[in-house]
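K.L.:
Could you have a look at this structure, given as structure tokens, before my questions?
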Amino acid sequence: MWDDLVSTAVIGTTAQAPPLGAESEGLSAILVGLNADDREAGLLAAAGLTAQWRLAGSRPPIDKRPLPQPSDREAAPAINRRASHYLERMLGGQVPDALPEFLEAVASAGKILPPDLLPNMLDTARGNELVRPFLPTVAGRRGAWLAAQNSLWRDLTAVPNESAWETGTSADRAALISRLRATNPGKAIELLRSTWSQESPKDRSAFLSLLSEGLSQGDESFLEEALSDSRIEVRRTATSLLARLPGSRLSGEVTAIAISVVELKSRILGKTRVDITITDDVQGKLKAARIELEPAHGASAKSLGDKAKVLYQLVSITPVVAWTQRFEKSPERLIEAASDSDWSKVLIGGWTSAIGLHPHTEWTRALIQYYLAPRTPDEKAVSFPGTAIAALPSDTAEALITMSLAHGTIVGDHPALWLTSAYPGPWSEALSRTIVKTARRHVGTIETYQMTILDALSRCALKMPPGLATEFGSGWPIESGASDRTVKLIDEFVSVLTFRRDMLQAIQSEDQR
Amino acid sequence: MIELNQSGLTIERVNGLAPDAASLKAGQALASARKWQLLGCHERVVWGECQGSGSSPYQTEIDLSEPAFKCTCPSRKFPCKHSLGLLILFVNSRSDFKAGAPPDWVNEWVARRDDQASRKKAKAEVQPTREEDEATRARREKTKAKRAGEREARVAAGLAELDLWLRDLVRQGLASVQSRGPKLWNDIAARMIDAQAPGIARRLAEMPEVVASGEGWAGRLLAELGKLYLLLEGFKRIASLPDEAQADIRSAIGWTLKEDELLVQDGLRDDWVVLGQRVYDEERLRVRRTWLCGVASSRSAMVLDFSFQGQNSIASGLMPGTVFDGDMVFYPSADPSRAIVKARHSEPRNFSAPTGYRSIDELFQSYSAALSRRPWIETYAAPLAAVVPVLVQSKFYLRDSDGGLARIRPRFGRRWQMTALSGGHPMFVFGEWDGASLLPLSVVADGIFFQLEGG
């Protein structure tokens, strides 16, 4: 009867009189009292009464199928509400870069995340490879249970599963390779080999570049095969990876060709002179050795001629230690000799690139010292490789950063800027104090100087010991008219440190609240 | 006097007090001792001075007993970011606050508040017996009666107009309604506002949503129109109905009682659990609807607070997840629900396990019984003692131990959070029931209360 009322209402009472009956006696008894001659009133009243009647009489649907298995009781305690509050803020976009540190602290405290934040956490982890590896540990049993309910989250709480290799998306497969390279690099090669001939050129190139993680001599034969790939990008990636393996055939041949074209001659007064002989068959030798050089790019390579470019590329992948051995001279002496020659750009630029592939403490130190006081003002190291700095022993790195910070005004492409940004830390208290002291020295000077150092400082806030937050919170010479921007940058720096300090305290706290 | 460490303040509750996400974020940024020049607490008050963009610092103070806020900043948000920041800092790091005698500016505020409270109380007690000049009272009564009579007439005329409008609509048929867009409804709703029938206007303003609700919309629309028509019919013969039914019809149309008139009545004293809260905008008003439940009486109460949008002070400090001893006065109704807090006899405390319907069927039966007393119910309190959120054919439901299902409102955004909190285990859920679906506002999982900010 309800359906009849609705269809009458849809076409209108001009066309049709409303049916004033009902299935149930009780309702019929009421509807019968309506005035059938007043069609509109009859329809509206019957609709209202029937709707209320149905509403009042409705009963819930029953589902007797078994419920999904509930999640098991947690074995580990959850972090307290205070710590959760910091997590909630990071998931909401405040200080998001501190998330990995937070999760690592939760994992090492043997705790897990609270259920209410899991959906947000899982969503965030989907696009964040730095966060994802912690989830199997910190999401707890509730997290695994929840992830199983939603296809978007399904793999996040699981330890990487090799079945993803055959069925997953490109991103899933790349994630799997990355994670395997950290734990079982040989297994990654095995998977790659199993499907290599079916992969698209784009995927081959992408997967190959993931092998830089966990690279070892064991990868040589696979990489050698990739040197015959039809795709030039694949051959180039394979070349640069093989060049990073000091014992590889390719690395040996690269070194032999490189040192054969550079000659050092001693002068009478102990000064050395650099001679370069690039014979026409260097290209031939490279080809014979199946070496596919990356095209030269970067500021150092821009203004070079063709021959110089080839040499630059060659030097860039040659282990720097080959030069010190070949000429039996220290890196400082070699850099000095090169900087006097016409080939300074090629050699010093090439060596700078090379320490990115073959980190070497002495060479890195010598090059940084060179850039702190370059012979020619246009000698700039805008692309100084971060990997070389990251590979330095921490005391060496800290000593170099301390030295660079003391070196004039920190502005432009001052080495202190790329050093502080590339050195991963954790920073010592002493180094942290030094950079803060340097920053304070710059506050109150030219706006650009202040902004440059404060910007560098705020990027370091994640690497400094958070216990220094209070100390760094005061003592800034801002009373004498520092700009709003300056004060804001200082505030941001201190608040990141404070945030980290408080969140770590909250995680470790035994207090339940 | 308030024991500071026992007040029911938690981070979640403070978060729940924020007027919007931006204020909360700004407040969190200010919840750091270095942003404050003076931090103190004494008995029930907390205060601090925060350097803003002006020359003198903002003075922020909080009375924890409700909580109530005051800040000298010019913000129109309430509570402002300074108030939120101060309260978050207080909850997180009490050791930053020096206990001691409050400064003058705090004392003044506290004194003023105490004064206001006692005046309100005095007013409630004294008014009925106040001696008054006979002539003045008669004159005032006369003006009041005249104004009330004018409104009766205006409402009656407006509802007569609506009666004709509804008849026209069904005469022509509902088929054309979809193509006529929301303007059709907004125009008639505006006329009902002019006719001083805001309750009717609100029902009409919700119709475009029904029209746009997809498959089966015509049936749902007809049901709503029918109910509206019954309300008009009820008003036509209101004089023949019992007092309580009259009160319900009048309140559904949009008459509201003055709080003064209610405050003279005795309240129902009980421990009142604050179960959930929802803020929404209506016309130019911001409305906050708070649901409470009496521990001993098992009575549900709904408290409405209003403020103009963009202005501050939705003042009553009802924090979900807390309980207080107080007197509640209900608006007259055949099925009393709306109420006001007349007096508080204790500070808010955390509460333990709340009680609720043992099955979904019990909720349905209770709702049916309530409908038979008051057919105009729009939202109904639905505390469910032990239900599990389940996903059936990509729709979310709550399921009880008998397998009974209650649909969760499709636009409820925190459904995964609710699922995570349950982990597949039964838990307490409080929500608003509208006869078809439930909008969850809070849950208790593992003994902890969570607000879900239904929205």
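Going through the structure tokens in order, the chains are called A, B, and so on, while each chain numbers its residues from 1 and the ligands are numbered from 1 in the order shown.
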Skip Ile188 of chain B itself and residues of its chain fewer than 6 positions away, then list as number ranges by chain all residues within 12 Å of it, counting only C-alpha atoms.
P.N.:
B: 158-159, 161-166, 169, 182, 194-195, 197-198, 200-207
K.L.:
Grab the residues selected above and save them as a PDB file, in the first residue's frame with C-alpha atoms.
P.N.:
ATOM      1  CA  GLY B 158       2.239  30.838   7.747  1.00  0.00           C
ATOM      2  CA  LEU B 159       1.131  27.260   8.354  1.00  0.00           C
ATOM      3  CA  GLU B 161       0.099  29.003   3.499  1.00  0.00           C
ATOM      4  CA  LEU B 162       2.262  25.909   3.832  1.00  0.00           C
ATOM      5  CA  ASP B 163      -0.857  23.729   3.874  1.00  0.00           C
ATOM      6  CA  LEU B 164      -1.848  25.118   0.468  1.00  0.00           C
ATOM      7  CA  TRP B 165       1.695  24.797  -0.811  1.00  0.00           C
ATOM      8  CA  LEU B 166       1.874  21.125   0.183  1.00  0.00           C
ATOM      9  CA  LEU B 169       2.866  19.981  -4.582  1.00  0.00           C
ATOM     10  CA  PRO B 182      16.837  23.293  -3.804  1.00  0.00           C
ATOM     11  CA  ASP B 194       9.213  35.046   8.254  1.00  0.00           C
ATOM     12  CA  ALA B 195       6.161  33.388   9.749  1.00  0.00           C
ATOM     13  CA  ALA B 197       8.015  28.945  12.517  1.00  0.00           C
ATOM     14  CA  PRO B 198      11.750  28.069  12.476  1.00  0.00           C
ATOM     15  CA  ILE B 200       9.088  23.985  10.218  1.00  0.00           C
ATOM     16  CA  ALA B 201      11.659  25.936   8.208  1.00  0.00           C
ATOM     17  CA  ARG B 202      14.403  23.611   9.349  1.00  0.00           C
ATOM     18  CA  ARG B 203      12.481  20.533   8.266  1.00  0.00           C
ATOM     19  CA  LEU B 204      11.880  22.103   4.857  1.00  0.00           C
ATOM     20  CA  ALA B 205      15.531  23.099   4.501  1.00  0.00           C
ATOM     21  CA  GLU B 206      16.515  19.448   4.930  1.00  0.00           C
ATOM     22  CA  MET B 207      14.315  18.280   2.047  1.00  0.00           C
TER      23      MET B 207
END
K.L.:
What are the residues of chain B lining chain A at 6 Å or less? Count only C-alpha atoms, and put the answer as JSON, numbers by chain.
P.N.:
{"B": [167, 170, 171, 172, 173, 174, 175, 219, 223, 226, 227, 368, 403, 404, 405, 417, 420, 421, 423, 424, 425]}
K.L.:
How many Å lie between atom CA of Phe308 of chain B and atom CA of Gln265 of chain B, rounded to one decimal?
P.N.:
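Answer for the atom CA of Phe308 of chain B to atom CA of Gln265 of chain B separation: 27.9 Å.
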K.L.:
Please run DSSP on the backbone and report, as a VMD selection string, all residues within segment 166-406 of chain A that come out as helix (DSSP H, G or I).
P.N.:
chain A and resid 166 to 167 170 to 183 185 to 198 201 to 212 217 to 226 232 to 243 249 to 261 282 to 288 299 to 301 306 to 317 321 to 327 331 to 340 344 to 357 361 to 372 386 to 390 394 to 405
K.L.:
Give me the residues within 10 Å of Pro389 of chain B as a PyMOL selection string, counting only C-alpha atoms and dropping any in the same chain fewer than 4 places off.
P.N.:
chain B and resi 396-400+405-408+415-416+418-427+429
K.L.:
Please identify all polymer residues within 12 Å of Arg485 of chain A, counting only C-alpha atoms, omitting same-chain residues fewer than 3 positions from it, and present them as number ranges by chain.
P.N.:
A: 443-444, 447-448, 450-452, 454-455, 478, 481-482, 488-492
K.L.:
Can you write out the residues you just picked, keeping C-alpha atoms, as a PDB file, in the first residue's frame?
P.N.:
ATOM      1  CA  VAL A 443      71.481  37.087  13.827  1.00  0.00           C
ATOM      2  CA  GLY A 444      71.297  40.848  13.570  1.00  0.00           C
ATOM      3  CA  GLU A 447      68.769  39.557   6.319  1.00  0.00           C
ATOM      4  CA  THR A 448      70.069  37.088   3.692  1.00  0.00           C
ATOM      5  CA  GLN A 450      70.399  35.337   8.859  1.00  0.00           C
ATOM      6  CA  MET A 451      67.929  33.498   6.676  1.00  0.00           C
ATOM      7  CA  THR A 452      70.606  31.242   5.165  1.00  0.00           C
ATOM      8  CA  LEU A 454      68.688  29.793  10.224  1.00  0.00           C
ATOM      9  CA  ASP A 455      67.289  27.795   7.358  1.00  0.00           C
ATOM     10  CA  ILE A 478      66.602  39.117  19.087  1.00  0.00           C
ATOM     11  CA  GLY A 481      65.059  44.502  16.404  1.00  0.00           C
ATOM     12  CA  ALA A 482      65.286  41.096  14.745  1.00  0.00           C
ATOM     13  CA  LYS A 488      59.780  32.767  13.375  1.00  0.00           C
ATOM     14  CA  LEU A 489      62.667  30.620  12.090  1.00  0.00           C
ATOM     15  CA  ILE A 490      64.258  30.497  15.527  1.00  0.00           C
ATOM     16  CA  ASP A 491      60.900  29.553  17.032  1.00  0.00           C
ATOM     17  CA  GLU A 492      60.454  26.780  14.518  1.00  0.00           C
TER      18      GLU A 492
END
K.L.:
Do you know which residues are at most 9 Å from Arg409 of chain B counting only C-alpha atoms, after dropping those on the same chain fewer than 6 positions away, and could you put them as a VMD selection string?
P.N.:
chain B and resid 396 to 397 436 to 440
K.L.:
Once you have the residues from the selection above, write them out as a short mmCIF file (atom, residue, chain, number, x, y, z; two decimals), in the first residue's frame, restricted to C-alpha atoms.
P.N.:
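The result, written out as selection30.cif:
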data_model
loop_
_atom_site.label_atom_id
_atom_site.label_comp_id
_atom_site.auth_asym_id
_atom_site.auth_seq_id
_atom_site.Cartn_x
_atom_site.Cartn_y
_atom_site.Cartn_z
CA PHE B 396 29.16 -0.26 7.92
CA TYR B 397 26.79 -1.52 10.62
CA ALA B 436 17.14 4.66 9.79
CA SER B 437 20.78 5.06 10.72
CA LEU B 438 23.03 5.85 13.64
CA LEU B 439 25.60 8.62 13.80
CA PRO B 440 28.23 7.54 16.35
#
K.L.:
Provide the atom CA of Val106 of chain A to atom CA of Met464 of chain A distance in Å, to one decimal place.
P.N.:
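Those two atoms sit 18.9 Å apart.
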K.L.:
Between A:Val234, A:Pro19, A:Trp343, A:Val321, which one has atoms that come closest to Thr277 of chain A, using only C-alpha atoms?
P.N.:
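Smallest separation from Thr277 of chain A among the options: A:Trp343.
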K.L.:
State, in Å with one decimal place, the distance from atom CA of Gln246 of chain B to atom CA of Val329 of chain B.
P.N.:
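Atom CA of Val329 of chain B lies at a distance of 18.5 Å from atom CA of Gln246 of chain B.
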K.L.:
As a list in words, please: the residues near Val211 of chain B (cut-off 10 Å, only C-alpha atoms, same-chain neighbours under 6 positions excluded).
P.N.:
Leu174, Val177, Gln178, Gly181, Pro182, Trp217, Ala218, Gly219, Arg220 and Leu221 of chain B
K.L.:
So which residues touch Leu293 of chain A within 8 Å, counting only C-alpha atoms, skipping near sequence neighbours fewer than 4 positions away, as a list in words?
P.N.:
Arg236, Thr239, Ser240, Gln313 and Leu314 of chain A
